[in-house]
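Shown next: upload24.cif, containing mmCIF, N, CA, C and O atoms.
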data_work
#
loop_
_atom_site.group_PDB
_atom_site.id
_atom_site.type_symbol
_atom_site.label_atom_id
_atom_site.label_comp_id
_atom_site.auth_asym_id
_atom_site.auth_seq_id
_atom_site.Cartn_x
_atom_site.Cartn_y
_atom_site.Cartn_z
ATOM 1 N N MET M 1 31.376 39.784 82.239
ATOM 2 C CA MET M 1 32.406 39.672 81.230
ATOM 3 C C MET M 1 32.889 38.230 81.081
ATOM 4 O O MET M 1 33.356 37.867 80.014
ATOM 5 N N ALA M 2 32.788 37.442 82.131
ATOM 6 C CA ALA M 2 33.261 36.062 82.061
ATOM 7 C C ALA M 2 32.461 35.262 81.051
ATOM 8 O O ALA M 2 33.009 34.380 80.373
ATOM 9 N N ASP M 3 31.146 35.559 80.932
ATOM 10 C CA ASP M 3 30.314 34.848 79.965
ATOM 11 C C ASP M 3 30.792 35.106 78.534
ATOM 12 O O ASP M 3 30.857 34.182 77.716
ATOM 13 N N ILE M 4 31.119 36.346 78.254
ATOM 14 C CA ILE M 4 31.584 36.705 76.909
ATOM 15 C C ILE M 4 32.911 36.016 76.610
ATOM 16 O O ILE M 4 33.107 35.494 75.516
ATOM 17 N N ASP M 5 33.801 35.994 77.577
ATOM 18 C CA ASP M 5 35.099 35.330 77.385
ATOM 19 C C ASP M 5 34.913 33.833 77.140
ATOM 20 O O ASP M 5 35.615 33.243 76.307
ATOM 21 N N ASP M 6 33.969 33.209 77.864
ATOM 22 C CA ASP M 6 33.704 31.779 77.661
ATOM 23 C C ASP M 6 33.158 31.515 76.259
ATOM 24 O O ASP M 6 33.513 30.519 75.617
ATOM 25 N N ILE M 7 32.316 32.410 75.776
ATOM 26 C CA ILE M 7 31.748 32.247 74.429
ATOM 27 C C ILE M 7 32.849 32.361 73.380
ATOM 28 O O ILE M 7 32.940 31.555 72.453
ATOM 29 N N ILE M 8 33.697 33.365 73.545
ATOM 30 C CA ILE M 8 34.773 33.565 72.576
ATOM 31 C C ILE M 8 35.756 32.396 72.604
ATOM 32 O O ILE M 8 36.154 31.869 71.564
ATOM 33 N N ALA M 9 36.140 31.949 73.786
ATOM 34 C CA ALA M 9 37.105 30.861 73.918
ATOM 35 C C ALA M 9 36.507 29.524 73.489
ATOM 36 O O ALA M 9 37.218 28.650 72.986
ATOM 37 N N GLY M 10 35.215 29.350 73.668
ATOM 38 C CA GLY M 10 34.570 28.080 73.351
ATOM 39 C C GLY M 10 34.187 27.921 71.900
ATOM 40 O O GLY M 10 33.669 26.889 71.501
ATOM 41 N N GLY M 11 34.416 28.913 71.090
ATOM 42 C CA GLY M 11 34.111 28.784 69.659
ATOM 43 C C GLY M 11 32.809 29.438 69.244
ATOM 44 O O GLY M 11 32.362 29.269 68.127
ATOM 45 N N GLY M 12 32.161 30.177 70.118
ATOM 46 C CA GLY M 12 30.951 30.895 69.744
ATOM 47 C C GLY M 12 29.688 30.272 70.309
ATOM 48 O O GLY M 12 29.728 29.312 71.071
ATOM 49 N N LEU M 13 28.574 30.842 69.914
ATOM 50 C CA LEU M 13 27.271 30.356 70.373
ATOM 51 C C LEU M 13 26.818 29.184 69.515
ATOM 52 O O LEU M 13 27.096 29.136 68.313
ATOM 53 N N VAL M 14 26.092 28.281 70.107
ATOM 54 C CA VAL M 14 25.510 27.153 69.382
ATOM 55 C C VAL M 14 23.998 27.284 69.470
ATOM 56 O O VAL M 14 23.429 27.255 70.559
ATOM 57 N N PHE M 15 23.371 27.456 68.319
ATOM 58 C CA PHE M 15 21.913 27.568 68.266
ATOM 59 C C PHE M 15 21.344 26.206 67.939
ATOM 60 O O PHE M 15 21.690 25.594 66.931
ATOM 61 N N LYS M 16 20.443 25.727 68.769
ATOM 62 C CA LYS M 16 19.827 24.422 68.561
ATOM 63 C C LYS M 16 18.540 24.583 67.767
ATOM 64 O O LYS M 16 17.869 25.615 67.853
ATOM 65 N N SER M 17 18.180 23.554 67.028
ATOM 66 C CA SER M 17 16.953 23.609 66.242
ATOM 67 C C SER M 17 15.743 23.437 67.160
ATOM 68 O O SER M 17 15.853 22.950 68.280
ATOM 69 N N ALA M 18 14.610 23.825 66.642
ATOM 70 C CA ALA M 18 13.364 23.707 67.405
ATOM 71 C C ALA M 18 13.001 22.234 67.573
ATOM 72 O O ALA M 18 13.347 21.404 66.725
ATOM 73 N N PRO M 19 12.300 21.874 68.632
ATOM 74 C CA PRO M 19 11.904 20.477 68.821
ATOM 75 C C PRO M 19 10.967 20.017 67.712
ATOM 76 O O PRO M 19 10.183 20.794 67.171
ATOM 77 N N LYS M 20 11.051 18.755 67.376
ATOM 78 C CA LYS M 20 10.214 18.184 66.314
ATOM 79 C C LYS M 20 8.768 18.097 66.771
ATOM 80 O O LYS M 20 8.476 17.936 67.941
ATOM 81 N N GLY M 21 7.870 18.178 65.806
ATOM 82 C CA GLY M 21 6.448 18.049 66.113
ATOM 83 C C GLY M 21 5.799 19.399 66.359
ATOM 84 O O GLY M 21 6.435 20.359 66.759
ATOM 85 N N ASP M 22 4.531 19.463 66.123
ATOM 86 C CA ASP M 22 3.763 20.692 66.295
ATOM 87 C C ASP M 22 3.152 20.716 67.692
ATOM 88 O O ASP M 22 2.308 19.871 68.000
ATOM 89 N N PRO M 23 3.541 21.659 68.538
ATOM 90 C CA PRO M 23 2.977 21.692 69.895
ATOM 91 C C PRO M 23 1.497 22.063 69.928
ATOM 92 O O PRO M 23 0.799 21.774 70.889
ATOM 93 N N ASN M 24 0.987 22.709 68.858
ATOM 94 C CA ASN M 24 -0.413 23.134 68.821
ATOM 95 C C ASN M 24 -1.273 22.214 67.964
ATOM 96 O O ASN M 24 -2.343 22.613 67.530
ATOM 97 N N ALA M 25 -0.827 21.006 67.703
ATOM 98 C CA ALA M 25 -1.573 20.088 66.842
ATOM 99 C C ALA M 25 -2.929 19.758 67.470
ATOM 100 O O ALA M 25 -3.020 19.399 68.635
ATOM 101 N N GLY M 26 -3.974 19.912 66.683
ATOM 102 C CA GLY M 26 -5.306 19.563 67.145
ATOM 103 C C GLY M 26 -6.016 20.665 67.906
ATOM 104 O O GLY M 26 -7.155 20.488 68.305
ATOM 105 N N LYS M 27 -5.385 21.806 68.095
ATOM 106 C CA LYS M 27 -6.014 22.898 68.842
ATOM 107 C C LYS M 27 -6.692 23.861 67.878
ATOM 108 O O LYS M 27 -6.224 24.082 66.766
ATOM 109 N N ILE M 28 -7.786 24.438 68.313
ATOM 110 C CA ILE M 28 -8.471 25.457 67.530
ATOM 111 C C ILE M 28 -7.900 26.801 67.941
ATOM 112 O O ILE M 28 -7.930 27.173 69.105
ATOM 113 N N LYS M 29 -7.367 27.540 66.983
ATOM 114 C CA LYS M 29 -6.676 28.787 67.293
ATOM 115 C C LYS M 29 -7.602 30.001 67.295
ATOM 116 O O LYS M 29 -7.354 30.971 67.982
ATOM 117 N N THR M 30 -8.638 29.985 66.479
ATOM 118 C CA THR M 30 -9.498 31.155 66.395
ATOM 119 C C THR M 30 -10.952 30.779 66.640
ATOM 120 O O THR M 30 -11.350 29.626 66.448
ATOM 121 N N LYS M 31 -11.730 31.755 67.046
ATOM 122 C CA LYS M 31 -13.154 31.526 67.269
ATOM 123 C C LYS M 31 -13.860 31.168 65.969
ATOM 124 O O LYS M 31 -14.843 30.445 65.981
ATOM 125 N N ALA M 32 -13.337 31.664 64.858
ATOM 126 C CA ALA M 32 -13.999 31.460 63.569
ATOM 127 C C ALA M 32 -14.073 29.999 63.173
ATOM 128 O O ALA M 32 -14.883 29.627 62.338
ATOM 129 N N LYS M 33 -13.243 29.132 63.763
ATOM 130 C CA LYS M 33 -13.259 27.723 63.410
ATOM 131 C C LYS M 33 -14.135 26.886 64.333
ATOM 132 O O LYS M 33 -14.307 25.701 64.103
ATOM 133 N N LYS M 34 -14.680 27.481 65.383
ATOM 134 C CA LYS M 34 -15.530 26.739 66.308
ATOM 135 C C LYS M 34 -16.918 26.563 65.706
ATOM 136 O O LYS M 34 -17.393 27.372 64.917
ATOM 137 N N LYS M 35 -17.585 25.493 66.091
ATOM 138 C CA LYS M 35 -18.859 25.136 65.474
ATOM 139 C C LYS M 35 -19.917 26.230 65.601
ATOM 140 O O LYS M 35 -20.630 26.524 64.651
ATOM 141 N N LYS M 36 -20.018 26.861 66.766
ATOM 142 C CA LYS M 36 -21.035 27.899 66.945
ATOM 143 C C LYS M 36 -20.833 29.049 65.967
ATOM 144 O O LYS M 36 -21.783 29.618 65.452
ATOM 145 N N TYR M 37 -19.585 29.392 65.703
ATOM 146 C CA TYR M 37 -19.314 30.500 64.800
ATOM 147 C C TYR M 37 -19.516 30.090 63.350
ATOM 148 O O TYR M 37 -19.944 30.887 62.533
ATOM 149 N N ILE M 38 -19.210 28.838 63.022
ATOM 150 C CA ILE M 38 -19.406 28.377 61.652
ATOM 151 C C ILE M 38 -20.885 28.317 61.312
ATOM 152 O O ILE M 38 -21.308 28.688 60.228
ATOM 153 N N THR M 39 -21.717 27.887 62.264
ATOM 154 C CA THR M 39 -23.153 27.765 62.003
ATOM 155 C C THR M 39 -23.907 29.062 62.260
ATOM 156 O O THR M 39 -25.077 29.167 61.929
ATOM 157 N N GLY M 40 -23.271 30.062 62.881
ATOM 158 C CA GLY M 40 -23.936 31.320 63.167
ATOM 159 C C GLY M 40 -24.833 31.251 64.379
ATOM 160 O O GLY M 40 -25.693 32.104 64.571
ATOM 161 N N ALA M 41 -24.647 30.258 65.241
ATOM 162 C CA ALA M 41 -25.548 30.023 66.367
ATOM 163 C C ALA M 41 -25.301 30.946 67.552
ATOM 164 O O ALA M 41 -26.111 30.988 68.465
ATOM 165 N N HIS M 42 -24.222 31.685 67.564
ATOM 166 C CA HIS M 42 -23.920 32.497 68.744
ATOM 167 C C HIS M 42 -24.599 33.857 68.714
ATOM 168 O O HIS M 42 -24.456 34.626 69.646
ATOM 169 N N GLY M 43 -25.338 34.188 67.653
ATOM 170 C CA GLY M 43 -26.157 35.387 67.652
ATOM 171 C C GLY M 43 -25.637 36.551 66.846
ATOM 172 O O GLY M 43 -26.342 37.533 66.662
ATOM 173 N N SER M 44 -24.428 36.491 66.354
ATOM 174 C CA SER M 44 -23.874 37.587 65.577
ATOM 175 C C SER M 44 -24.501 37.599 64.186
ATOM 176 O O SER M 44 -24.581 36.563 63.517
ATOM 177 N N GLY M 45 -24.935 38.762 63.752
ATOM 178 C CA GLY M 45 -25.552 38.878 62.432
ATOM 179 C C GLY M 45 -24.592 38.537 61.315
ATOM 180 O O GLY M 45 -24.959 37.868 60.345
ATOM 181 N N SER M 46 -23.351 38.976 61.444
ATOM 182 C CA SER M 46 -22.393 38.695 60.375
ATOM 183 C C SER M 46 -22.057 37.214 60.330
ATOM 184 O O SER M 46 -21.845 36.652 59.256
ATOM 185 N N ALA M 47 -22.021 36.551 61.483
ATOM 186 C CA ALA M 47 -21.748 35.113 61.510
ATOM 187 C C ALA M 47 -22.899 34.347 60.866
ATOM 188 O O ALA M 47 -22.679 33.353 60.167
ATOM 189 N N LYS M 48 -24.122 34.795 61.098
ATOM 190 C CA LYS M 48 -25.267 34.132 60.472
ATOM 191 C C LYS M 48 -25.205 34.281 58.954
ATOM 192 O O LYS M 48 -25.502 33.359 58.209
ATOM 193 N N GLN M 49 -24.817 35.477 58.508
ATOM 194 C CA GLN M 49 -24.708 35.723 57.075
ATOM 195 C C GLN M 49 -23.594 34.864 56.469
ATOM 196 O O GLN M 49 -23.781 34.253 55.412
ATOM 197 N N LYS M 50 -22.448 34.790 57.147
ATOM 198 C CA LYS M 50 -21.353 33.959 56.656
ATOM 199 C C LYS M 50 -21.760 32.499 56.632
ATOM 200 O O LYS M 50 -21.401 31.767 55.706
ATOM 201 N N ALA M 51 -22.516 32.051 57.635
ATOM 202 C CA ALA M 51 -22.988 30.665 57.675
ATOM 203 C C ALA M 51 -23.914 30.395 56.496
ATOM 204 O O ALA M 51 -23.862 29.308 55.894
ATOM 205 N N LYS M 52 -24.733 31.377 56.155
ATOM 206 C CA LYS M 52 -25.635 31.230 55.017
ATOM 207 C C LYS M 52 -24.829 31.060 53.730
ATOM 208 O O LYS M 52 -25.119 30.182 52.911
ATOM 209 N N TYR M 53 -23.776 31.864 53.569
ATOM 210 C CA TYR M 53 -22.931 31.763 52.377
ATOM 211 C C TYR M 53 -22.184 30.436 52.325
ATOM 212 O O TYR M 53 -22.038 29.828 51.278
ATOM 213 N N ARG M 54 -21.721 29.959 53.487
ATOM 214 C CA ARG M 54 -21.042 28.666 53.533
ATOM 215 C C ARG M 54 -21.991 27.539 53.118
ATOM 216 O O ARG M 54 -21.616 26.620 52.399
ATOM 217 N N GLU M 55 -23.224 27.627 53.601
ATOM 218 C CA GLU M 55 -24.215 26.609 53.270
ATOM 219 C C GLU M 55 -24.532 26.630 51.779
ATOM 220 O O GLU M 55 -24.628 25.581 51.139
ATOM 221 N N GLN M 56 -24.666 27.837 51.208
ATOM 222 C CA GLN M 56 -24.932 27.947 49.776
ATOM 223 C C GLN M 56 -23.779 27.380 48.958
ATOM 224 O O GLN M 56 -23.993 26.683 47.968
ATOM 225 N N ARG M 57 -22.551 27.662 49.396
ATOM 226 C CA ARG M 57 -21.371 27.164 48.690
ATOM 227 C C ARG M 57 -21.293 25.642 48.777
ATOM 228 O O ARG M 57 -20.965 24.964 47.799
ATOM 229 N N ALA M 58 -21.621 25.089 49.948
ATOM 230 C CA ALA M 58 -21.564 23.635 50.119
ATOM 231 C C ALA M 58 -22.614 22.917 49.274
ATOM 232 O O ALA M 58 -22.386 21.818 48.803
ATOM 233 N N ASN M 59 -23.754 23.574 49.064
ATOM 234 C CA ASN M 59 -24.836 22.944 48.305
ATOM 235 C C ASN M 59 -24.824 23.305 46.827
ATOM 236 O O ASN M 59 -25.733 22.905 46.098
ATOM 237 N N ARG M 60 -23.818 24.003 46.372
ATOM 238 C CA ARG M 60 -23.789 24.518 45.013
ATOM 239 C C ARG M 60 -23.793 23.416 43.953
ATOM 240 O O ARG M 60 -24.487 23.506 42.958
ATOM 241 N N HIS M 61 -23.031 22.352 44.143
ATOM 242 C CA HIS M 61 -22.912 21.323 43.100
ATOM 243 C C HIS M 61 -23.584 20.014 43.504
ATOM 244 O O HIS M 61 -23.130 18.953 43.130
ATOM 245 N N LYS M 62 -24.633 20.087 44.241
ATOM 246 C CA LYS M 62 -25.334 18.868 44.669
ATOM 247 C C LYS M 62 -26.617 18.698 43.914
ATOM 248 O O LYS M 62 -27.224 19.545 43.411
#
Let's see the structure in the file written out as structure tokens.
Amino acid sequence: MADIDDIIAGGGLVFKSAPKGDPNAGKIKTKAKKKKYITGAHGSGSAKQKAKYREQRANRHK
């Protein structure tokens, strides 16, 4: 109960803002962004198919 009384007497809670800057800057969050998955080299059939579509899209206007 003393904590609640201190909060009430002190004017309430003070919420601080989040620290500046991105703590996850430069990190890869998902497997889909790793090179093996983008190129389809890890053996998954769907990844190979997606890699084929990415390659076709990249070469579309060349």
Item checked: Surrounding residues of Ile38 of chain M excluding itself and chain neighbours under 5 positions, 12 Å, only C-alpha atoms, as an NGL selection string -> :M and (30-33 or 43-44 or 46-55)
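Residues of segment 1-61 of chain M assigned to alpha helix (DSSP H) by DSSP on this structure's backbone: Ala2, Asp3, Ile4, Asp5, Asp6, Ile7, Ile8, Ala9, Gly10, Lys35, Lys36, Tyr37, Ile38, Thr39, Gly45, Ser46, Ala47, Lys48, Gln49, Lys50, Ala51, Lys52, Tyr53, Arg54, Glu55, Gln56, Arg57 and Ala58 of chain M.
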Just N, CA, C and O atoms for this one: save the residues we selected as a compact mmCIF listing (two decimals), in the coordinates of the input.
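This is the output file result38.txt:
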# COMPACT_ATOMS: atom_id res chain seq x y z
N ALA M 2 32.79 37.44 82.13
CA ALA M 2 33.26 36.06 82.06
C ALA M 2 32.46 35.26 81.05
O ALA M 2 33.01 34.38 80.37
N ASP M 3 31.15 35.56 80.93
CA ASP M 3 30.31 34.85 79.96
C ASP M 3 30.79 35.11 78.53
O ASP M 3 30.86 34.18 77.72
N ILE M 4 31.12 36.35 78.25
CA ILE M 4 31.58 36.70 76.91
C ILE M 4 32.91 36.02 76.61
O ILE M 4 33.11 35.49 75.52
N ASP M 5 33.80 35.99 77.58
CA ASP M 5 35.10 35.33 77.39
C ASP M 5 34.91 33.83 77.14
O ASP M 5 35.62 33.24 76.31
N ASP M 6 33.97 33.21 77.86
CA ASP M 6 33.70 31.78 77.66
C ASP M 6 33.16 31.52 76.26
O ASP M 6 33.51 30.52 75.62
N ILE M 7 32.32 32.41 75.78
CA ILE M 7 31.75 32.25 74.43
C ILE M 7 32.85 32.36 73.38
O ILE M 7 32.94 31.56 72.45
N ILE M 8 33.70 33.36 73.54
CA ILE M 8 34.77 33.56 72.58
C ILE M 8 35.76 32.40 72.60
O ILE M 8 36.15 31.87 71.56
N ALA M 9 36.14 31.95 73.79
CA ALA M 9 37.10 30.86 73.92
C ALA M 9 36.51 29.52 73.49
O ALA M 9 37.22 28.65 72.99
N GLY M 10 35.22 29.35 73.67
CA GLY M 10 34.57 28.08 73.35
C GLY M 10 34.19 27.92 71.90
O GLY M 10 33.67 26.89 71.50
N LYS M 35 -17.58 25.49 66.09
CA LYS M 35 -18.86 25.14 65.47
C LYS M 35 -19.92 26.23 65.60
O LYS M 35 -20.63 26.52 64.65
N LYS M 36 -20.02 26.86 66.77
CA LYS M 36 -21.04 27.90 66.94
C LYS M 36 -20.83 29.05 65.97
O LYS M 36 -21.78 29.62 65.45
N TYR M 37 -19.58 29.39 65.70
CA TYR M 37 -19.31 30.50 64.80
C TYR M 37 -19.52 30.09 63.35
O TYR M 37 -19.94 30.89 62.53
N ILE M 38 -19.21 28.84 63.02
CA ILE M 38 -19.41 28.38 61.65
C ILE M 38 -20.88 28.32 61.31
O ILE M 38 -21.31 28.69 60.23
N THR M 39 -21.72 27.89 62.26
CA THR M 39 -23.15 27.76 62.00
C THR M 39 -23.91 29.06 62.26
O THR M 39 -25.08 29.17 61.93
N GLY M 45 -24.94 38.76 63.75
CA GLY M 45 -25.55 38.88 62.43
C GLY M 45 -24.59 38.54 61.32
O GLY M 45 -24.96 37.87 60.34
N SER M 46 -23.35 38.98 61.44
CA SER M 46 -22.39 38.70 60.38
C SER M 46 -22.06 37.21 60.33
O SER M 46 -21.84 36.65 59.26
N ALA M 47 -22.02 36.55 61.48
CA ALA M 47 -21.75 35.11 61.51
C ALA M 47 -22.90 34.35 60.87
O ALA M 47 -22.68 33.35 60.17
N LYS M 48 -24.12 34.80 61.10
CA LYS M 48 -25.27 34.13 60.47
C LYS M 48 -25.20 34.28 58.95
O LYS M 48 -25.50 33.36 58.21
N GLN M 49 -24.82 35.48 58.51
CA GLN M 49 -24.71 35.72 57.08
C GLN M 49 -23.59 34.86 56.47
O GLN M 49 -23.78 34.25 55.41
N LYS M 50 -22.45 34.79 57.15
CA LYS M 50 -21.35 33.96 56.66
C LYS M 50 -21.76 32.50 56.63
O LYS M 50 -21.40 31.77 55.71
N ALA M 51 -22.52 32.05 57.64
CA ALA M 51 -22.99 30.66 57.68
C ALA M 51 -23.91 30.40 56.50
O ALA M 51 -23.86 29.31 55.89
N LYS M 52 -24.73 31.38 56.16
CA LYS M 52 -25.64 31.23 55.02
C LYS M 52 -24.83 31.06 53.73
O LYS M 52 -25.12 30.18 52.91
N TYR M 53 -23.78 31.86 53.57
CA TYR M 53 -22.93 31.76 52.38
C TYR M 53 -22.18 30.44 52.32
O TYR M 53 -22.04 29.83 51.28
N ARG M 54 -21.72 29.96 53.49
CA ARG M 54 -21.04 28.67 53.53
C ARG M 54 -21.99 27.54 53.12
O ARG M 54 -21.62 26.62 52.40
N GLU M 55 -23.22 27.63 53.60
CA GLU M 55 -24.22 26.61 53.27
C GLU M 55 -24.53 26.63 51.78
O GLU M 55 -24.63 25.58 51.14
N GLN M 56 -24.67 27.84 51.21
CA GLN M 56 -24.93 27.95 49.78
C GLN M 56 -23.78 27.38 48.96
O GLN M 56 -23.99 26.68 47.97
N ARG M 57 -22.55 27.66 49.40
CA ARG M 57 -21.37 27.16 48.69
C ARG M 57 -21.29 25.64 48.78
O ARG M 57 -20.96 24.96 47.80
N ALA M 58 -21.62 25.09 49.95
CA ALA M 58 -21.56 23.64 50.12
C ALA M 58 -22.61 22.92 49.27
O ALA M 58 -22.39 21.82 48.80
Next item on the list: Would you work out the distance separating atom N of Gly40 of chain M from atom O of His61 of chain M, expressed in Å to one decimal?
Entry: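 The value is 22.7 Å.
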Next item on the list: Enter the distance from atom N of Ala41 of chain M to atom N of Ala58 of chain M, in Å, rounded to one decimal.
Entry: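 Result for atom N of Ala41 of chain M versus atom N of Ala58 of chain M: 16.4 Å, one decimal.
Pairwise distance (atom CA of Asp5 of chain M, atom CA of Ser17 of chain M) equals 24.3 Å.
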Is it possible to get the axis-aligned box enclosing segment 36-52 of chain M (all listed atoms, 5 Å extra per side) as JSON, with centre and edge lengths in Å rounded to one decimal?
{"center_x": -22.8, "center_y": 32.9, "center_z": 61.3, "size_x": 17.1, "size_y": 22.1, "size_z": 26.7}
